[in-house]
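query37.tsv, holding TSV, C-alpha atoms:
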chain	number	residue	atom	x	y	z
M	358	MET	CA	101.87	272.69	68.55
M	359	ALA	CA	98.41	271.50	69.53
M	360	GLN	CA	97.18	268.11	70.73
M	361	MET	CA	94.77	266.69	68.12
M	362	HIS	CA	93.07	263.45	67.23
M	363	MET	CA	93.10	262.38	63.60
M	364	VAL	CA	89.70	263.85	62.73
M	365	ALA	CA	90.82	267.29	63.89
M	366	ALA	CA	94.16	266.94	62.09
M	367	LEU	CA	92.47	266.01	58.81
M	368	ASN	CA	90.02	268.89	59.23
M	369	LYS	CA	93.00	271.19	59.79
M	370	ALA	CA	94.64	269.94	56.58
M	371	LEU	CA	91.49	270.49	54.53
M	372	ASP	CA	91.05	273.96	55.99
M	373	GLU	CA	94.67	274.85	55.24
M	374	ALA	CA	94.47	273.51	51.69
M	375	LEU	CA	91.28	275.46	50.95
M	376	ARG	CA	92.88	278.61	52.37
M	377	ALA	CA	96.18	278.15	50.53
M	378	ASP	CA	94.85	277.39	47.04
M	379	ASP	CA	91.65	278.76	45.50
M	380	THR	CA	91.50	275.82	43.08
M	381	VAL	CA	90.96	273.29	45.91
M	382	VAL	CA	87.35	272.12	46.20
M	383	LEU	CA	85.72	269.44	48.35
M	384	LEU	CA	82.84	267.26	47.24
M	385	GLY	CA	80.97	264.35	48.71
M	386	GLN	CA	77.78	263.16	50.32
M	387	ASP	CA	76.83	265.11	53.46
M	388	ILE	CA	80.19	266.87	53.74
M	389	GLY	CA	78.68	270.36	53.84
M	390	GLN	CA	75.58	270.92	55.92
M	391	ASP	CA	76.09	267.75	57.99
M	392	GLU	CA	79.90	268.21	58.13
M	393	GLY	CA	80.65	264.61	57.09
M	394	VAL	CA	79.66	261.34	58.70
M	395	PHE	CA	82.74	261.54	60.98
M	396	ARG	CA	82.76	265.38	61.09
M	397	VAL	CA	86.04	265.63	59.22
M	398	THR	CA	84.65	268.59	57.24
M	399	ALA	CA	83.27	270.45	60.28
M	400	GLU	CA	82.88	274.23	59.80
M	401	LEU	CA	84.30	274.20	56.27
M	402	LEU	CA	81.00	275.00	54.51
M	403	LYS	CA	80.57	278.05	56.75
M	404	ARG	CA	84.08	279.26	56.01
M	405	TYR	CA	84.32	278.62	52.27
M	406	GLY	CA	80.78	278.40	50.94
M	407	GLU	CA	78.87	275.93	48.84
M	408	LYS	CA	80.92	276.51	45.68
M	409	ARG	CA	84.01	275.04	47.36
M	410	VAL	CA	82.45	272.58	49.82
M	411	ILE	CA	79.91	270.77	47.67
M	412	ASP	CA	77.20	268.45	48.98
M	413	THR	CA	76.51	265.78	46.38
M	414	PRO	CA	73.76	263.21	45.89
M	415	LEU	CA	74.31	259.67	47.16
M	416	ALA	CA	76.04	258.66	43.93
M	417	GLU	CA	79.66	257.58	44.27
M	418	ALA	CA	80.23	257.27	40.51
M	419	ALA	CA	78.99	260.82	40.02
M	420	ILE	CA	81.22	262.12	42.84
M	421	VAL	CA	84.36	260.59	41.35
M	422	GLY	CA	83.37	261.31	37.75
M	423	GLY	CA	82.65	264.93	38.65
M	424	ALA	CA	86.03	265.16	40.35
M	425	VAL	CA	87.73	263.89	37.18
M	426	GLY	CA	86.12	266.68	35.17
M	427	MET	CA	87.10	269.26	37.78
M	428	ALA	CA	90.72	268.10	37.76
M	429	LEU	CA	90.90	268.22	33.96
M	430	TYR	CA	89.44	271.72	34.07
M	431	GLY	CA	92.20	272.93	36.39
M	432	LEU	CA	90.78	272.48	39.87
M	433	LYS	CA	92.15	270.29	42.69
M	434	PRO	CA	89.15	268.29	43.86
M	435	VAL	CA	89.11	266.30	47.10
M	436	ALA	CA	86.32	263.73	46.87
M	437	GLU	CA	85.02	261.88	49.92
M	438	MET	CA	83.56	258.40	49.94
M	439	GLN	CA	81.62	257.95	53.19
M	440	PHE	CA	83.15	254.50	53.64
M	441	SER	CA	85.67	252.65	51.50
M	442	GLY	CA	83.16	249.83	51.11
M	443	PHE	CA	80.91	252.13	49.08
M	444	ALA	CA	83.65	253.14	46.65
M	445	TYR	CA	83.12	250.10	44.44
M	446	GLN	CA	80.11	251.90	43.02
M	447	ALA	CA	82.70	254.28	41.55
M	448	TYR	CA	85.42	251.77	40.74
M	449	HIS	CA	84.77	251.96	37.00
M	450	GLN	CA	85.51	255.69	37.20
M	451	ILE	CA	88.63	255.09	39.29
M	452	GLU	CA	90.10	252.30	37.16
M	453	GLN	CA	88.99	253.45	33.71
M	454	HIS	CA	89.53	257.19	34.09
M	455	VAL	CA	91.23	258.35	37.29
M	456	SER	CA	94.16	255.95	36.99
M	457	ARG	CA	94.65	256.33	33.24
M	458	PHE	CA	94.70	260.00	32.22
M	459	ARG	CA	98.46	260.48	32.63
M	460	ASN	CA	99.12	257.47	30.37
M	461	ARG	CA	96.15	258.09	28.10
M	462	THR	CA	97.43	261.56	27.20
M	463	ARG	CA	101.09	260.49	27.03
M	464	GLY	CA	101.93	262.63	30.03
M	465	ARG	CA	100.23	265.83	28.90
M	466	PHE	CA	97.51	265.72	31.57
M	467	GLY	CA	97.59	264.49	35.11
M	468	LEU	CA	94.69	264.44	37.52
M	469	PRO	CA	95.58	266.41	40.67
M	470	MET	CA	92.82	264.90	42.78
M	471	VAL	CA	92.44	263.04	46.07
M	472	ILE	CA	89.79	260.48	46.98
M	473	ARG	CA	89.42	260.21	50.76
M	474	MET	CA	87.92	257.07	52.28
M	475	PRO	CA	87.51	255.87	55.89
M	476	TYR	CA	88.60	252.22	55.94
M	477	GLY	CA	89.14	249.26	58.26
M	478	GLY	CA	87.65	247.65	61.32
M	479	GLY	CA	87.67	248.32	65.00
M	480	ILE	CA	84.41	250.24	65.44
M	481	ARG	CA	81.95	247.31	65.39
M	482	ALA	CA	80.22	248.45	62.24
M	483	VAL	CA	77.90	246.62	59.84
M	484	GLU	CA	78.55	245.11	56.41
M	485	HIS	CA	80.57	247.22	53.92
M	486	HIS	CA	81.86	249.46	56.73
M	487	SER	CA	84.94	247.61	58.02
M	488	GLU	CA	86.89	246.08	55.14
M	489	SER	CA	90.52	246.82	54.33
M	490	ARG	CA	90.90	246.55	50.55
M	491	GLU	CA	93.91	248.77	49.87
M	492	THR	CA	95.47	246.05	47.71
M	493	ILE	CA	92.87	246.70	44.99
M	494	TYR	CA	94.06	250.28	44.56
M	495	ALA	CA	97.74	249.48	45.08
M	496	HIS	CA	97.44	246.94	42.25
M	497	THR	CA	95.97	249.53	39.87
M	498	PRO	CA	98.69	251.32	37.86
M	499	GLY	CA	98.37	255.09	37.90
M	500	LEU	CA	97.09	255.39	41.47
M	501	GLN	CA	99.01	256.35	44.58
M	502	MET	CA	97.75	254.62	47.74
M	503	VAL	CA	98.39	256.50	51.00
M	504	ILE	CA	97.45	255.28	54.50
M	505	PRO	CA	98.44	257.44	57.49
M	506	SER	CA	98.75	255.97	60.96
M	507	GLY	CA	98.31	258.99	63.26
M	508	PRO	CA	97.12	262.60	63.43
M	509	ARG	CA	100.42	264.27	62.56
M	510	ASN	CA	101.33	262.20	59.52
M	511	ALA	CA	97.69	262.23	58.35
M	512	ARG	CA	97.68	266.01	58.21
M	513	ALA	CA	101.11	266.22	56.53
M	514	LEU	CA	100.34	263.54	53.94
M	515	LEU	CA	96.93	264.98	53.07
M	516	LEU	CA	98.41	268.45	52.54
M	517	GLU	CA	101.09	266.95	50.31
M	518	ALA	CA	98.52	264.99	48.31
M	519	ILE	CA	96.25	267.99	47.77
M	520	LEU	CA	98.68	270.85	47.23
M	521	HIS	CA	101.82	269.31	45.74
M	522	ASN	CA	100.92	266.10	43.95
M	523	PRO	CA	100.04	266.26	40.24
M	524	ASP	CA	98.50	262.78	40.08
M	525	PRO	CA	95.57	260.98	41.74
M	526	VAL	CA	95.85	259.78	45.32
M	527	ILE	CA	93.62	257.27	47.09
M	528	PHE	CA	93.78	258.36	50.74
M	529	PHE	CA	92.63	255.70	53.21
M	530	GLU	CA	91.85	257.00	56.70
M	531	PRO	CA	91.84	254.36	59.49
M	532	LYS	CA	88.59	255.12	61.27
M	533	GLN	CA	89.67	253.02	64.24
M	534	VAL	CA	92.27	255.74	64.81
M	535	TYR	CA	90.00	258.74	64.13
M	536	ARG	CA	89.47	259.58	67.80
M	537	SER	CA	91.42	256.90	69.68
M	538	PHE	CA	94.47	259.01	70.58
M	539	LYS	CA	95.96	262.47	70.16
M	540	GLU	CA	99.35	263.73	68.98
M	541	GLU	CA	101.04	267.09	68.82
M	542	VAL	CA	100.45	268.68	65.40
M	543	PRO	CA	102.57	271.72	64.44
M	544	ASP	CA	100.90	275.07	63.84
M	545	GLU	CA	102.98	275.69	60.72
M	546	LEU	CA	102.34	273.83	57.48
M	547	GLU	CA	104.02	270.43	57.37
M	548	TYR	CA	104.34	268.01	54.46
M	549	LEU	CA	105.44	264.40	54.11
M	550	PRO	CA	106.54	262.99	50.74
M	551	ILE	CA	104.31	260.35	49.22
M	552	GLY	CA	106.17	257.10	48.65
M	553	LYS	CA	108.47	257.44	51.65
M	554	ALA	CA	108.26	255.17	54.71
M	555	GLN	CA	109.40	256.17	58.21
M	556	VAL	CA	111.51	254.25	60.69
M	557	VAL	CA	109.54	255.14	63.81
M	558	ARG	CA	111.60	253.01	66.17
M	559	SER	CA	115.21	251.90	65.70
M	560	GLY	CA	116.39	248.42	66.60
M	561	SER	CA	118.79	245.68	65.61
M	562	ALA	CA	117.20	242.26	66.20
M	563	ILE	CA	114.01	242.25	64.11
M	564	THR	CA	111.97	244.57	61.88
M	565	LEU	CA	108.20	244.99	62.24
M	566	LEU	CA	106.58	246.60	59.19
M	567	SER	CA	103.03	247.94	59.20
M	568	TYR	CA	100.80	250.91	58.37
M	569	GLY	CA	97.47	252.54	59.18
M	570	ALA	CA	95.53	251.37	62.22
M	571	MET	CA	97.85	248.38	62.69
M	572	MET	CA	100.72	250.63	63.75
M	573	ARG	CA	99.22	250.86	67.26
M	574	PRO	CA	99.29	247.11	68.04
M	575	THR	CA	102.63	246.87	66.24
M	576	LEU	CA	104.16	249.44	68.57
M	577	GLU	CA	102.54	247.71	71.55
M	578	ALA	CA	104.14	244.45	70.44
M	579	ALA	CA	107.49	246.23	70.11
M	580	ASP	CA	107.14	247.40	73.71
M	581	MET	CA	106.36	243.85	74.85
M	582	LEU	CA	109.44	242.53	73.07
M	583	ALA	CA	111.57	245.37	74.45
M	584	ASP	CA	110.56	244.25	77.94
M	585	GLU	CA	112.07	240.89	76.96
M	586	ARG	CA	115.29	242.69	75.98
M	587	THR	CA	114.71	242.40	72.25
M	588	SER	CA	115.81	245.35	70.12
M	589	VAL	CA	112.95	245.99	67.67
M	590	GLU	CA	112.89	248.24	64.61
M	591	VAL	CA	109.46	249.46	63.48
M	592	VAL	CA	108.78	250.77	59.98
M	593	ASP	CA	105.60	252.69	59.15
M	594	LEU	CA	105.03	252.28	55.41
M	595	LEU	CA	102.64	255.29	55.14
M	596	THR	CA	102.35	254.73	51.36
M	597	VAL	CA	101.58	251.26	50.05
M	598	SER	CA	101.84	252.32	46.41
M	599	PRO	CA	104.50	253.24	45.58
M	600	LEU	CA	106.23	251.23	48.29
M	601	ASP	CA	109.46	252.59	49.72
M	602	THR	CA	111.53	249.55	48.86
M	603	ALA	CA	114.82	251.18	49.86
M	604	THR	CA	113.74	251.81	53.46
M	605	ILE	CA	112.20	248.35	53.79
M	606	VAL	CA	115.27	246.57	52.43
M	607	ALA	CA	117.73	248.67	54.45
M	608	SER	CA	115.93	247.89	57.70
M	609	VAL	CA	115.73	244.15	57.07
M	610	ALA	CA	119.35	244.06	55.91
M	611	LYS	CA	120.27	245.52	59.30
M	612	THR	CA	118.14	243.21	61.47
M	613	GLY	CA	118.02	240.03	59.36
M	614	ARG	CA	114.48	239.24	60.48
M	615	ALA	CA	111.04	240.64	59.64
M	616	VAL	CA	107.34	240.44	60.43
M	617	VAL	CA	104.79	242.26	58.26
M	618	ILE	CA	101.43	243.27	59.75
M	619	HIS	CA	98.19	244.41	58.10
M	620	GLU	CA	94.49	243.97	58.81
M	621	GLY	CA	93.34	243.09	55.30
M	622	PRO	CA	93.05	239.44	54.19
M	623	ARG	CA	96.30	237.51	53.95
M	624	THR	CA	96.21	236.26	50.35
M	625	CYS	CA	97.62	238.78	47.86
M	626	GLY	CA	97.76	241.41	50.59
M	627	ILE	CA	100.28	244.23	50.92
M	628	GLY	CA	102.32	241.97	53.18
M	629	ALA	CA	102.90	239.53	50.32
M	630	GLU	CA	104.34	242.33	48.18
M	631	VAL	CA	106.57	243.52	51.03
M	632	VAL	CA	107.86	239.98	51.53
M	633	ALA	CA	108.52	239.63	47.79
M	634	ARG	CA	110.60	242.79	47.70
M	635	ILE	CA	112.62	241.75	50.75
M	636	VAL	CA	113.35	238.38	49.13
M	637	GLU	CA	114.28	240.01	45.82
M	638	LYS	CA	116.56	242.66	47.32
M	639	SER	CA	117.76	241.39	50.69
M	640	LEU	CA	117.63	237.58	50.68
M	641	ASP	CA	121.28	237.17	51.64
M	642	HIS	CA	120.69	239.15	54.84
M	643	LEU	CA	117.78	237.06	56.12
M	644	GLU	CA	118.40	234.92	59.19
M	645	ALA	CA	114.88	233.43	59.31
M	646	PRO	CA	111.71	233.11	57.21
M	647	ILE	CA	109.52	236.23	57.16
M	648	ARG	CA	106.18	236.02	58.95
M	649	ARG	CA	102.92	237.80	58.14
M	650	VAL	CA	100.32	238.72	60.77
M	651	THR	CA	97.14	239.68	58.97
M	652	GLY	CA	93.41	239.42	58.79
M	653	PHE	CA	91.98	236.17	57.50
M	654	ASP	CA	90.69	235.14	54.08
M	655	VAL	CA	87.06	235.50	55.07
M	656	GLN	CA	84.48	238.26	54.98
M	657	PHE	CA	85.05	240.71	57.80
M	658	PRO	CA	83.15	239.54	60.92
M	659	TYR	CA	81.01	242.07	62.69
M	660	PHE	CA	80.43	243.38	66.19
M	661	ALA	CA	82.15	241.44	69.00
M	662	ARG	CA	83.76	238.90	66.65
M	663	GLU	CA	85.88	241.47	64.84
M	664	ARG	CA	88.48	241.24	67.62
M	665	ALA	CA	89.25	237.68	66.51
M	666	PHE	CA	89.91	238.91	62.98
M	667	LEU	CA	92.08	241.97	63.62
M	668	PRO	CA	95.79	241.48	64.44
M	669	ASN	CA	96.65	242.44	68.01
M	670	ALA	CA	99.84	242.94	69.97
M	671	ASP	CA	99.87	239.38	71.29
M	672	ARG	CA	99.63	237.86	67.79
M	673	ILE	CA	102.36	240.17	66.51
M	674	ALA	CA	104.69	239.50	69.43
M	675	HIS	CA	104.13	235.73	69.11
M	676	ALA	CA	105.08	235.81	65.42
M	677	ALA	CA	108.16	237.88	66.22
M	678	ARG	CA	109.26	235.40	68.90
M	679	GLU	CA	108.95	232.55	66.40
M	680	VAL	CA	111.12	234.40	63.90
M	681	LEU	CA	113.67	235.24	66.58
M	682	ALA	CA	113.80	231.59	67.72
M	683	TYR	CA	114.30	230.15	64.24
Reformat the file's structure so that it appears as structure tokens.
Amino acid sequence: MAQMHMVAALNKALDEALRADDTVVLLGQDIGQDEGVFRVTAELLKRYGEKRVIDTPLAEAAIVGGAVGMALYGLKPVAEMQFSGFAYQAYHQIEQHVSRFRNRTRGRFGLPMVIRMPYGGGIRAVEHHSESRETIYAHTPGLQMVIPSGPRNARALLLEAILHNPDPVIFFEPKQVYRSFKEEVPDELEYLPIGKAQVVRSGSAITLLSYGAMMRPTLEAADMLADERTSVEVVDLLTVSPLDTATIVASVAKTGRAVVIHEGPRTCGIGAEVVARIVEKSLDHLEAPIRRVTGFDVQFPYFARERAFLPNADRIAHAAREVLAY
């Protein structure tokens, strides 16, 4: 075991994937010589050479389109978008090709490829650098949408996506978490299944459901409520498409109350889909209306004002208290 922040854990996963499988290749802007804008690909060009760690032009459509061709040829490309806000320049490739090859070929060809993107707020960045638009990809049939919340599950999920998954994965990395804390990461290879949530804290009075960077304030809120003698269950979704409906429903059936937290805008967000599935599958167990704590339906505000947009532990705990008092 070694203590690592998320950047180091992701770098470890990429290194291990390149070492384990000769068909794995990385491509993206500045990932080689400059080692990536967040240094996630540090040292990998030196270790594996320019045929496997490929610096590309600033051309997101070409990066993703090239990765599609590589995957069809038999490689396992891992494409990096410098920020998720730049990926819309490649969305026609993602929607029209990446998501459709399994269906287009009636199951004969999948695309074993991963598109990595830093996403979300919390670092006081400028326009196009802080949005949380995972719903767009979760709503696109044929894509898997994975969002880790910490170093250990980031490494395990990325290894699973690269080495074991036959279909395309959009892999959102919460840059607010990149270097904000460390966890113990095992030395041996570790994998987590895509499409499976984790109950990271057991409780009986209320369920808090979240993912990505919002797991930190969610756990802080759980601690605040525990100090008030409230037994809180916390579920980390990890994958927002496909959602682990069974784990979500089982938790809410046990507690009877739920709050869903995410930093993206409220309308048509992942929280709305989670609420819908709870209502469809576990309505008879609910003791109170479900609350959502989310970002707002506005463009992401920048610099100091982003704190007013992002959910925090106080907002989450307040919503939970309202549900508990219903």
Measuring atom to atom with all atoms listed in the file, identify which of M:Ala370, M:Leu520, M:Leu549, M:Ala416 is nearest to Leu401 (chain M).
M:Ala370
Residue nearest Thr604 (chain M) - candidates M:Glu590, M:Glu679, M:Asp671, M:Glu577, atoms counted: all atoms listed in the file
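The closest residue to Thr604 (chain M) is M:Glu590.
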Please identify all polymer residues within 12 Å of region 657-660 of chain M, counting all atoms listed in the file, omitting same-chain residues fewer than 3 positions from it, and present them as a compact mmCIF listing (two decimals) with C-alpha atoms, in the coordinates of the input.
# COMPACT_ATOMS: atom_id res chain seq x y z
CA GLY M 442 83.16 249.83 51.11
CA GLY M 477 89.14 249.26 58.26
CA GLY M 478 87.65 247.65 61.32
CA GLY M 479 87.67 248.32 65.00
CA ILE M 480 84.41 250.24 65.44
CA ARG M 481 81.95 247.31 65.39
CA ALA M 482 80.22 248.45 62.24
CA VAL M 483 77.90 246.62 59.84
CA GLU M 484 78.55 245.11 56.41
CA HIS M 485 80.57 247.22 53.92
CA HIS M 486 81.86 249.46 56.73
CA SER M 487 84.94 247.61 58.02
CA GLU M 488 86.89 246.08 55.14
CA SER M 489 90.52 246.82 54.33
CA ARG M 490 90.90 246.55 50.55
CA GLU M 620 94.49 243.97 58.81
CA GLY M 621 93.34 243.09 55.30
CA PRO M 622 93.05 239.44 54.19
CA GLY M 652 93.41 239.42 58.79
CA PHE M 653 91.98 236.17 57.50
CA ASP M 654 90.69 235.14 54.08
CA GLU M 663 85.88 241.47 64.84
CA ARG M 664 88.48 241.24 67.62
CA ALA M 665 89.25 237.68 66.51
CA PHE M 666 89.91 238.91 62.98
CA LEU M 667 92.08 241.97 63.62
Report the distance between CA of Arg457 (chain M) and CA of Leu515 (chain M) in Å, rounded to one decimal place.
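Separation of CA of Arg457 (chain M) and CA of Leu515 (chain M): 21.8 Å.
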Counting only C-alpha atoms, the residue among M:Glu373, M:Asp412, M:Glu392, M:Asp379 that lies closest to Glu545 (chain M) is M:Glu373
By how many Å are CA of Glu540 (chain M) and CA of Asn510 (chain M) apart?
9.8 Å
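The residue that comes closest to Phe443 (chain M), out of M:Ala418, M:Val617, M:Val455, M:Cys625 and on the basis of only C-alpha atoms, is M:Ala418.
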Using only C-alpha atoms, which of M:Gly626, M:Gly613, M:Glu417, M:Met581 sits nearest Asp641 (chain M)?
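The shortest atom-to-atom distance to Asp641 (chain M) comes from M:Gly613.
Candidate residues M:Val381, M:Ala603, M:Ala399, M:Ile563 were compared for distance to Ala518 (chain M), and the nearest is M:Val381, using only C-alpha atoms.
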Expected answer as a PyMOL selection string: all residues with atoms within 8 Å of (108.9, 255.9, 51.2), only C-alpha atoms
chain M and resi 550-555+594-596+599-604
Residues within 10 Å of Gly569 (chain M), all atoms listed in the file, excluding chain neighbours under 4 positions, as a ChimeraX atom specification
/M:476-477,503-507,511,529-534,573,593-596,619-620
What does the structure give for the distance between CA of Arg376 (chain M) and CA of Asp544 (chain M), in Å to one decimal?
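Atom-to-atom, CA of Arg376 (chain M) and CA of Asp544 (chain M) are spaced 14.4 Å apart.
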Find the spatial neighbours of Asp524 (chain M), counting only C-alpha atoms, within a cut-off of 9 Å - ignore same-chain residues fewer than 2 positions away - and output them as a tab-separated table (two decimals) with C-alpha atoms, in the frame of the given file.
chain	number	residue	atom	x	y	z
M	455	VAL	CA	91.23	258.35	37.29
M	456	SER	CA	94.16	255.95	36.99
M	459	ARG	CA	98.46	260.48	32.63
M	467	GLY	CA	97.59	264.49	35.11
M	468	LEU	CA	94.69	264.44	37.52
M	469	PRO	CA	95.58	266.41	40.67
M	470	MET	CA	92.82	264.90	42.78
M	471	VAL	CA	92.44	263.04	46.07
M	499	GLY	CA	98.37	255.09	37.90
M	500	LEU	CA	97.09	255.39	41.47
M	501	GLN	CA	99.01	256.35	44.58
M	518	ALA	CA	98.52	264.99	48.31
M	522	ASN	CA	100.92	266.10	43.95
M	526	VAL	CA	95.85	259.78	45.32
